[in-house]
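Participant: Below is data.cif; it holds mmCIF, C-alpha atoms and all ligand atoms.
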data_entry
loop_
_atom_site.label_atom_id
_atom_site.label_comp_id
_atom_site.auth_asym_id
_atom_site.auth_seq_id
_atom_site.Cartn_x
_atom_site.Cartn_y
_atom_site.Cartn_z
CA MET A 1 -27.06 -109.12 -128.52
CA SER A 2 -28.67 -107.62 -125.44
CA THR A 3 -27.65 -104.83 -123.15
CA ALA A 4 -27.06 -105.47 -119.49
CA ILE A 5 -29.80 -104.40 -117.17
CA VAL A 6 -27.71 -103.14 -114.33
CA THR A 7 -29.43 -102.82 -110.98
CA ASN A 8 -28.01 -101.93 -107.57
CA VAL A 9 -25.10 -100.04 -109.06
CA ALA A 10 -24.49 -96.32 -108.82
CA ALA A 11 -24.69 -94.64 -112.23
CA ALA A 12 -21.02 -93.68 -112.23
CA GLU A 13 -20.05 -97.33 -111.83
CA ILE A 14 -22.16 -98.68 -114.68
CA PRO A 15 -19.79 -100.71 -116.83
CA ILE A 16 -19.79 -102.67 -120.05
CA PRO A 17 -22.96 -103.90 -121.76
CA TYR A 18 -22.58 -107.68 -121.67
CA LYS A 19 -23.08 -109.64 -124.86
CA THR A 20 -25.34 -112.65 -124.88
CA ALA A 21 -26.28 -115.02 -127.66
CA ALA A 22 -29.99 -114.53 -128.39
CA ARG A 23 -31.19 -117.30 -126.06
CA PRO A 24 -28.63 -119.69 -124.69
CA ASN A 25 -29.38 -123.37 -124.67
CA PHE A 26 -28.70 -125.82 -121.83
CA LEU A 27 -29.01 -129.53 -121.10
CA MET A 28 -30.44 -130.58 -117.74
CA CYS A 29 -31.52 -133.87 -116.15
CA ALA A 30 -34.32 -133.97 -113.57
CA PRO A 31 -33.38 -135.39 -110.15
CA THR A 32 -36.05 -138.12 -110.23
CA LEU A 33 -33.35 -140.75 -109.54
CA TYR A 34 -30.86 -138.51 -107.74
CA ASP A 35 -29.19 -139.82 -104.60
CA VAL A 36 -25.76 -140.04 -103.02
CA THR A 37 -25.02 -143.75 -103.30
CA TYR A 38 -21.19 -143.80 -103.41
CA VAL A 39 -18.27 -141.56 -102.46
CA ILE A 40 -16.05 -140.23 -105.25
CA ASN A 41 -15.32 -136.77 -103.84
CA PRO A 42 -14.92 -135.37 -100.31
CA TRP A 43 -18.39 -133.76 -100.36
CA MET A 44 -20.08 -137.13 -100.67
CA ALA A 45 -18.32 -138.58 -97.61
CA GLY A 46 -20.85 -138.88 -94.79
CA ASN A 47 -23.70 -138.05 -97.15
CA VAL A 48 -24.57 -141.47 -98.57
CA HIS A 49 -28.38 -141.60 -98.71
CA ALA A 50 -28.46 -138.36 -96.68
CA SER A 51 -30.17 -136.23 -99.30
CA SER A 52 -33.90 -135.68 -99.58
CA ARG A 53 -35.27 -136.28 -103.04
CA ASP A 54 -38.23 -134.00 -102.40
CA ARG A 55 -35.99 -131.14 -101.38
CA ALA A 56 -33.62 -131.88 -104.25
CA THR A 57 -36.56 -131.76 -106.66
CA ALA A 58 -37.75 -128.42 -105.31
CA GLN A 59 -34.24 -126.98 -105.49
CA TRP A 60 -33.68 -128.28 -109.01
CA GLN A 61 -37.04 -126.79 -110.05
CA SER A 62 -35.97 -123.41 -108.72
CA LEU A 63 -32.84 -123.57 -110.86
CA TYR A 64 -34.83 -124.75 -113.87
CA GLN A 65 -37.30 -121.88 -113.49
CA ALA A 66 -34.63 -119.23 -112.99
CA LEU A 67 -32.84 -120.46 -116.08
CA ALA A 68 -35.96 -120.94 -118.20
CA ARG A 69 -36.69 -117.22 -117.95
CA ILE A 70 -33.58 -116.42 -119.95
CA ALA A 71 -32.55 -119.64 -121.70
CA ASP A 72 -33.82 -122.71 -123.53
CA ILE A 73 -33.52 -125.99 -121.69
CA GLN A 74 -33.31 -129.49 -123.16
CA LEU A 75 -33.85 -132.51 -120.93
CA VAL A 76 -32.10 -135.87 -120.90
CA ALA A 77 -34.00 -138.65 -119.11
CA PRO A 78 -32.55 -139.86 -115.80
CA GLN A 79 -31.44 -143.49 -115.78
CA ARG A 80 -31.41 -146.12 -113.06
CA GLY A 81 -27.93 -146.78 -111.66
CA SER A 82 -26.72 -143.29 -112.65
CA PRO A 83 -27.65 -141.07 -109.67
CA ASP A 84 -25.11 -138.39 -110.65
CA MET A 85 -26.64 -137.90 -114.11
CA VAL A 86 -28.25 -134.71 -112.80
CA PHE A 87 -24.80 -133.16 -113.13
CA THR A 88 -25.03 -132.76 -116.89
CA ALA A 89 -21.97 -130.48 -116.97
CA ASN A 90 -20.08 -133.75 -116.90
CA ALA A 91 -21.78 -135.21 -119.99
CA GLY A 92 -19.13 -133.76 -122.26
CA LEU A 93 -18.06 -130.52 -123.86
CA GLU A 94 -19.99 -129.15 -126.84
CA ARG A 95 -19.25 -126.43 -129.31
CA ASN A 96 -20.34 -125.89 -132.91
CA GLY A 97 -22.32 -129.13 -132.97
CA ILE A 98 -19.38 -131.30 -131.88
CA VAL A 99 -19.43 -133.00 -128.49
CA MET A 100 -16.33 -134.39 -126.84
CA LEU A 101 -18.02 -137.07 -124.76
CA SER A 102 -16.76 -137.51 -121.22
CA SER A 103 -14.67 -140.52 -120.31
CA PHE A 104 -15.28 -140.66 -116.58
CA PHE A 105 -12.41 -141.31 -114.19
CA HIS A 106 -14.53 -143.23 -111.69
CA PRO A 107 -16.27 -146.46 -112.76
CA GLU A 108 -19.27 -145.27 -110.72
CA ARG A 109 -20.07 -142.68 -113.40
CA GLN A 110 -18.94 -144.49 -116.53
CA GLY A 111 -22.41 -145.95 -117.06
CA GLU A 112 -23.68 -142.43 -117.79
CA GLU A 113 -21.60 -142.15 -120.94
CA GLN A 114 -23.87 -144.39 -123.05
CA HIS A 115 -26.96 -142.42 -122.00
CA PHE A 116 -25.44 -139.07 -122.81
CA ARG A 117 -24.08 -140.45 -126.10
CA THR A 118 -27.55 -141.60 -127.13
CA TRP A 119 -29.04 -138.22 -126.29
CA PHE A 120 -26.41 -136.26 -128.23
CA GLU A 121 -26.61 -138.55 -131.26
CA GLN A 122 -30.38 -138.40 -131.36
CA ALA A 123 -30.23 -134.62 -131.06
CA GLY A 124 -27.95 -134.47 -134.09
CA TYR A 125 -24.59 -133.70 -132.50
CA LEU A 126 -21.34 -135.23 -133.75
CA VAL A 127 -19.91 -137.23 -130.85
CA VAL A 128 -16.14 -137.53 -130.48
CA ASP A 129 -14.59 -140.05 -128.08
CA LEU A 130 -11.48 -140.26 -125.97
CA PRO A 131 -9.86 -143.54 -124.97
CA ARG A 132 -11.19 -144.91 -121.66
CA ASP A 133 -7.84 -144.38 -119.92
CA THR A 134 -7.70 -140.71 -120.98
CA SER A 135 -10.24 -139.47 -118.50
CA PHE A 136 -12.02 -136.22 -119.28
CA GLU A 137 -15.08 -134.97 -117.42
CA GLY A 138 -16.56 -132.51 -119.89
CA GLU A 139 -17.63 -129.01 -119.04
CA GLY A 140 -16.97 -129.79 -115.39
CA ASP A 141 -13.31 -129.42 -116.26
CA ALA A 142 -13.36 -127.36 -119.46
CA LEU A 143 -14.58 -123.77 -119.71
CA PHE A 144 -14.32 -121.40 -122.66
CA SER A 145 -13.20 -117.83 -122.09
CA THR A 146 -16.06 -115.49 -122.89
CA ASP A 147 -14.41 -114.46 -126.18
CA GLY A 148 -14.33 -118.18 -127.07
CA PHE A 149 -10.68 -118.29 -128.07
CA THR A 150 -9.24 -119.85 -124.94
CA LEU A 151 -10.34 -123.13 -123.39
CA TRP A 152 -9.41 -123.40 -119.72
CA VAL A 153 -9.07 -127.07 -118.81
CA GLY A 154 -8.49 -128.53 -115.36
CA TYR A 155 -6.52 -131.66 -114.61
CA GLY A 156 -5.58 -133.66 -111.58
CA PRO A 157 -8.41 -135.28 -109.63
CA ARG A 158 -10.55 -136.30 -112.62
CA THR A 159 -9.49 -135.11 -116.06
CA LEU A 160 -6.04 -136.24 -117.22
CA LEU A 161 -3.63 -133.76 -118.73
CA ALA A 162 -3.26 -136.17 -121.67
CA SER A 163 -6.80 -135.34 -122.81
CA HIS A 164 -6.03 -131.64 -123.28
CA ALA A 165 -4.09 -131.94 -126.55
CA ARG A 166 -7.06 -133.74 -128.08
CA LEU A 167 -9.36 -130.80 -127.32
CA ALA A 168 -7.10 -128.36 -129.17
CA GLY A 169 -7.37 -130.65 -132.21
CA ILE A 170 -11.16 -130.43 -132.28
CA TRP A 171 -11.83 -126.72 -131.90
CA PRO A 172 -9.71 -123.76 -132.97
CA VAL A 173 -8.87 -122.72 -129.43
CA ALA A 174 -5.80 -122.22 -127.29
CA VAL A 175 -5.99 -124.78 -124.51
CA ALA A 176 -4.74 -123.49 -121.17
CA SER A 177 -4.21 -126.27 -118.65
CA LEU A 178 -4.82 -125.62 -114.96
CA HIS A 179 -3.65 -128.00 -112.24
CA LEU A 180 -6.21 -128.61 -109.50
CA ILE A 181 -4.55 -129.41 -106.18
CA ASP A 182 -7.31 -129.31 -103.53
CA PRO A 183 -9.46 -132.48 -103.45
CA ARG A 184 -12.52 -130.41 -102.41
CA PHE A 185 -12.32 -128.56 -105.72
CA TYR A 186 -11.96 -131.61 -107.92
CA HIS A 187 -13.53 -130.12 -111.07
CA LEU A 188 -12.51 -126.81 -112.61
CA ASP A 189 -16.09 -125.51 -112.42
CA THR A 190 -16.01 -125.80 -108.62
CA CYS A 191 -13.29 -123.14 -108.34
CA PHE A 192 -13.23 -121.14 -111.60
CA ALA A 193 -15.81 -119.39 -113.78
CA THR A 194 -15.37 -117.19 -116.82
CA LEU A 195 -17.84 -114.30 -116.79
CA GLU A 196 -19.16 -111.87 -119.36
CA GLY A 197 -17.21 -108.66 -119.67
CA GLY A 198 -13.96 -110.63 -119.57
CA PHE A 199 -14.11 -111.30 -115.83
CA VAL A 200 -12.98 -114.41 -114.00
CA LEU A 201 -14.34 -115.65 -110.68
CA TYR A 202 -11.95 -118.04 -108.94
CA TYR A 203 -10.64 -119.51 -105.71
CA PRO A 204 -6.84 -119.26 -105.82
CA GLY A 205 -6.26 -121.98 -103.20
CA ALA A 206 -7.48 -124.64 -105.63
CA PHE A 207 -4.58 -124.13 -108.06
CA ASP A 208 -0.84 -124.65 -108.10
CA ALA A 209 1.47 -121.66 -108.54
CA ALA A 210 2.06 -122.17 -112.27
CA SER A 211 -1.70 -122.28 -112.93
CA LEU A 212 -2.32 -119.15 -110.88
CA ALA A 213 0.37 -117.39 -112.88
CA LYS A 214 -1.45 -118.37 -116.10
CA ILE A 215 -4.74 -117.01 -114.82
CA GLU A 216 -3.11 -113.78 -113.69
CA ALA A 217 -1.28 -113.35 -116.99
CA PHE A 218 -4.55 -113.70 -118.91
CA TYR A 219 -6.86 -111.67 -116.69
CA PRO A 220 -5.68 -108.22 -115.55
CA ALA A 221 -6.15 -107.53 -111.83
CA GLU A 222 -9.33 -105.49 -112.37
CA LYS A 223 -10.96 -108.44 -114.15
CA ARG A 224 -10.20 -110.96 -111.39
CA ILE A 225 -12.85 -111.59 -108.77
CA VAL A 226 -11.14 -113.56 -106.04
CA VAL A 227 -13.37 -115.80 -103.98
CA THR A 228 -12.60 -116.57 -100.31
CA GLU A 229 -12.41 -120.15 -99.09
CA GLU A 230 -15.71 -119.61 -97.28
CA ASP A 231 -17.51 -118.63 -100.49
CA ALA A 232 -15.68 -121.28 -102.51
CA LEU A 233 -17.07 -123.86 -100.08
CA ARG A 234 -20.53 -122.48 -100.88
CA PHE A 235 -19.80 -123.26 -104.52
CA ALA A 236 -19.68 -119.57 -105.43
CA CYS A 237 -17.57 -120.35 -108.49
CA ASN A 238 -20.08 -122.93 -109.66
CA ALA A 239 -22.00 -120.15 -111.35
CA VAL A 240 -24.16 -120.00 -114.46
CA ASN A 241 -23.62 -116.64 -116.16
CA ILE A 242 -25.95 -115.35 -118.85
CA GLY A 243 -25.44 -111.73 -119.80
CA SER A 244 -25.40 -109.77 -116.57
CA THR A 245 -27.22 -112.50 -114.61
CA ILE A 246 -25.37 -114.99 -112.43
CA ILE A 247 -27.34 -117.95 -111.08
CA LEU A 248 -25.65 -119.76 -108.19
CA ASN A 249 -25.92 -121.21 -104.70
CA ARG A 250 -26.20 -118.77 -101.79
CA ILE A 251 -23.06 -116.69 -101.32
CA SER A 252 -21.83 -114.07 -98.85
CA ASP A 253 -23.08 -110.48 -98.93
CA HIS A 254 -19.51 -109.37 -99.54
CA LEU A 255 -19.17 -111.39 -102.74
CA THR A 256 -22.68 -110.39 -103.82
CA ARG A 257 -21.69 -106.75 -103.53
CA GLN A 258 -18.41 -107.35 -105.38
CA LEU A 259 -20.30 -108.92 -108.27
CA GLU A 260 -22.81 -106.06 -108.29
CA LEU A 261 -19.98 -103.56 -108.52
CA LYS A 262 -18.83 -105.32 -111.68
CA GLY A 263 -22.30 -104.96 -113.17
CA PHE A 264 -23.77 -108.40 -112.40
CA HIS A 265 -26.91 -109.26 -110.53
CA THR A 266 -27.14 -112.58 -108.78
CA VAL A 267 -29.96 -115.07 -108.49
CA GLN A 268 -29.06 -117.01 -105.35
CA LEU A 269 -30.71 -120.36 -104.76
CA ASP A 270 -30.59 -122.96 -102.02
CA LEU A 271 -28.92 -125.96 -103.68
CA SER A 272 -27.88 -127.69 -100.45
CA GLU A 273 -29.11 -131.14 -101.51
CA PHE A 274 -26.72 -131.11 -104.47
CA LEU A 275 -23.79 -129.86 -102.40
CA LYS A 276 -24.03 -133.23 -100.63
CA ALA A 277 -22.87 -134.82 -103.90
CA GLY A 278 -20.30 -132.10 -104.58
CA GLY A 279 -22.22 -130.00 -107.08
CA ALA A 280 -24.28 -126.82 -107.41
CA ALA A 281 -25.82 -124.63 -110.14
CA LYS A 282 -23.21 -124.89 -112.88
CA CYS A 283 -22.74 -128.65 -112.43
CA LEU A 284 -26.47 -129.12 -113.02
CA VAL A 285 -26.39 -127.65 -116.54
CA MET A 286 -24.42 -128.17 -119.71
CA LYS A 287 -24.15 -125.39 -122.25
CA LEU A 288 -25.20 -126.31 -125.77
CA SER A 289 -24.33 -124.00 -128.61
CA ARG A 290 -27.39 -124.72 -130.70
CA THR A 291 -30.92 -125.95 -130.41
CA ALA A 292 -31.22 -129.51 -131.60
N1 LIG A 301 -20.99 -136.45 -107.52
C1 LIG A 301 -20.52 -135.90 -108.74
C2 LIG A 301 -19.10 -136.32 -108.99
O1 LIG A 301 -18.35 -136.40 -108.04
C3 LIG A 301 -20.66 -134.41 -108.76
C4 LIG A 301 -20.31 -133.78 -110.06
C5 LIG A 301 -20.32 -132.30 -110.02
N2 LIG A 301 -20.16 -131.78 -111.32
C6 LIG A 301 -19.37 -130.75 -111.68
N3 LIG A 301 -19.42 -130.32 -112.90
N4 LIG A 301 -18.52 -130.22 -110.84
O2 LIG A 301 -18.69 -136.60 -110.08
#
Transcribe the structure of this file into structure tokens.

Facilitator:
Amino acid sequence: MSTAIVTNVAAAEIPIPYKTAARPNFLMCAPTLYDVTYVINPWMAGNVHASSRDRATAQWQSLYQALARIADIQLVAPQRGSPDMVFTANAGLERNGIVMLSSFFHPERQGEEQHFRTWFEQAGYLVVDLPRDTSFEGEGDALFSTDGFTLWVGYGPRTLLASHARLAGIWPVAVASLHLIDPRFYHLDTCFATLEGGFVLYYPGAFDAASLAKIEAFYPAEKRIVVTEEDALRFACNAVNIGSTIILNRISDHLTRQLELKGFHTVQLDLSEFLKAGGAAKCLVMKLSRTA
């Protein structure tokens, strides 16, 4: 457990010391073979072969370095024919040594499953499968509350609602399903993030009314950090939170200040090359609960 190092906040406003597991552990995949070669979300439209691999590599390195200061990072080797493998958040969902492997909705990404399976098995994780027609896109659509007792799971564009019941059977969690209704925010992690201190960062426009009501019933108003459409389009919700640190793409000064007032400090990176494929900081990492 570590205590938050709170900067940029007046003493009277200093809140909660955030809890962090000794050194969190993440899975990443270098962008050696990254490219936009097909269109499976609105961000990719008009961006086929429009990304620079050199810039993508530099941007990915900046994320790797920011993360490596405070976390351990495992690497899975990139594979030919799987240009989206850099987005390891979609490999599956892991907790307590068990991985629910993703069953991708789009055939374009289904080839990744075997590579991620091999990595998890070799690293000693127990891999659990879903039927092919029950699509589930891993941590991209499934996020634990910071107390670990609730699993927020998106459905609609990618993950099917039918996969949610299966998740509740694997871990002792209450699964809360959220319906994603804006094609630009096709994965839950593009519009929703659970933060230390019991906060939630989210873009309300991405959800239907029943889902918003669930979020509001769970998080009291003072714990909700509402993101504008402008910041949501900068992937502000696609944030990696470790203790009081939040690593993410560049966001507005207004949102930066809001996060600071809640006791967080942000590490803002230029991840523009990955936005062309519809991803940013959080999509590029998968949380692992133990070191292999
Ligand atoms: N091009 C990828 C896709 O559409 C991007 C995945 C982003 N990952 C995420 N966790 N949101 O599948």

Participant: Residues contacting ligand LIG 301 (chain A) - anything with an atom at most 10 Å away, using only C-alpha atoms and all ligand atoms - can you give me those as an NGL selection string?

Facilitator: :A and (35-44 or 83-92 or 104-106 or 108-109 or 137-142 or 158 or 185-191 or 235 or 238 or 274-286)

Participant: Can you tell me how far CA of Leu261 (chain A) sits from CA of Glu216 (chain A), in Å to one decimal?

Facilitator: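 Separation between CA of Leu261 (chain A) and CA of Glu216 (chain A): 20.4 Å.
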
Participant: From the options A:His179, A:Gly198, A:Glu230, A:Asp129, which residue's atoms come nearest to Ala210 (chain A), counting only C-alpha atoms?

Facilitator: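 Among the listed residues, the smallest separation from Ala210 (chain A) belongs to A:His179.
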
Participant: I'd like the contact shell of region 221-228 of chain A - 10 Å cut-off, only C-alpha atoms, skipping same-chain residues fewer than 2 positions apart - returned as a PyMOL selection string.

Facilitator: chain A and resi 191-195+197-205+215-219+230-237+252+254-255+258-259+262

Participant: A:Phe26, A:Tyr125, A:Phe144, A:Trp119: which is nearest Asp72 (chain A), counting all atoms listed in the file?

Facilitator: A:Phe26

Participant: If I wrap all listed atoms of region 63-77 of chain A in a box with edges along x, y and z and add 3 Å on each side, what are its centre and edge lengths in Å to one decimal, as AutoDock Vina command-line options?

Facilitator:
--center_x -34.7 --center_y -127.5 --center_z -117.2 --size_x 11.2 --size_y 28.2 --size_z 18.7

Participant: Would you mind listing what lies within 6 Å of Leu178 (chain A) as a ChimeraX atom specification, with all atoms listed in the file counted and same-chain residues fewer than 6 positions away left out?

Facilitator: /A:153-154,211

Participant: Would you pick out the contacts of Leu126 (chain A) at 8 Å or less, using all atoms listed in the file, so that residues sharing its chain but fewer than 4 positions from it are not included, and give the list as a PDB file with C-alpha atoms, keeping the file's coordinate frame?

Facilitator:
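result.pdb written:
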ATOM      1  CA  GLY A  97     -22.320-129.130-132.970  1.00  0.00           C
ATOM      2  CA  ILE A  98     -19.380-131.300-131.880  1.00  0.00           C
ATOM      3  CA  VAL A  99     -19.430-133.000-128.490  1.00  0.00           C
ATOM      4  CA  PHE A 120     -26.410-136.260-128.230  1.00  0.00           C
ATOM      5  CA  GLU A 121     -26.610-138.550-131.260  1.00  0.00           C
TER       6      GLU A 121
END

Participant: Take CA of Leu180 (chain A) and CA of Leu161 (chain A) and report the distance between them in Å, one decimal.

Facilitator: 10.9 Å
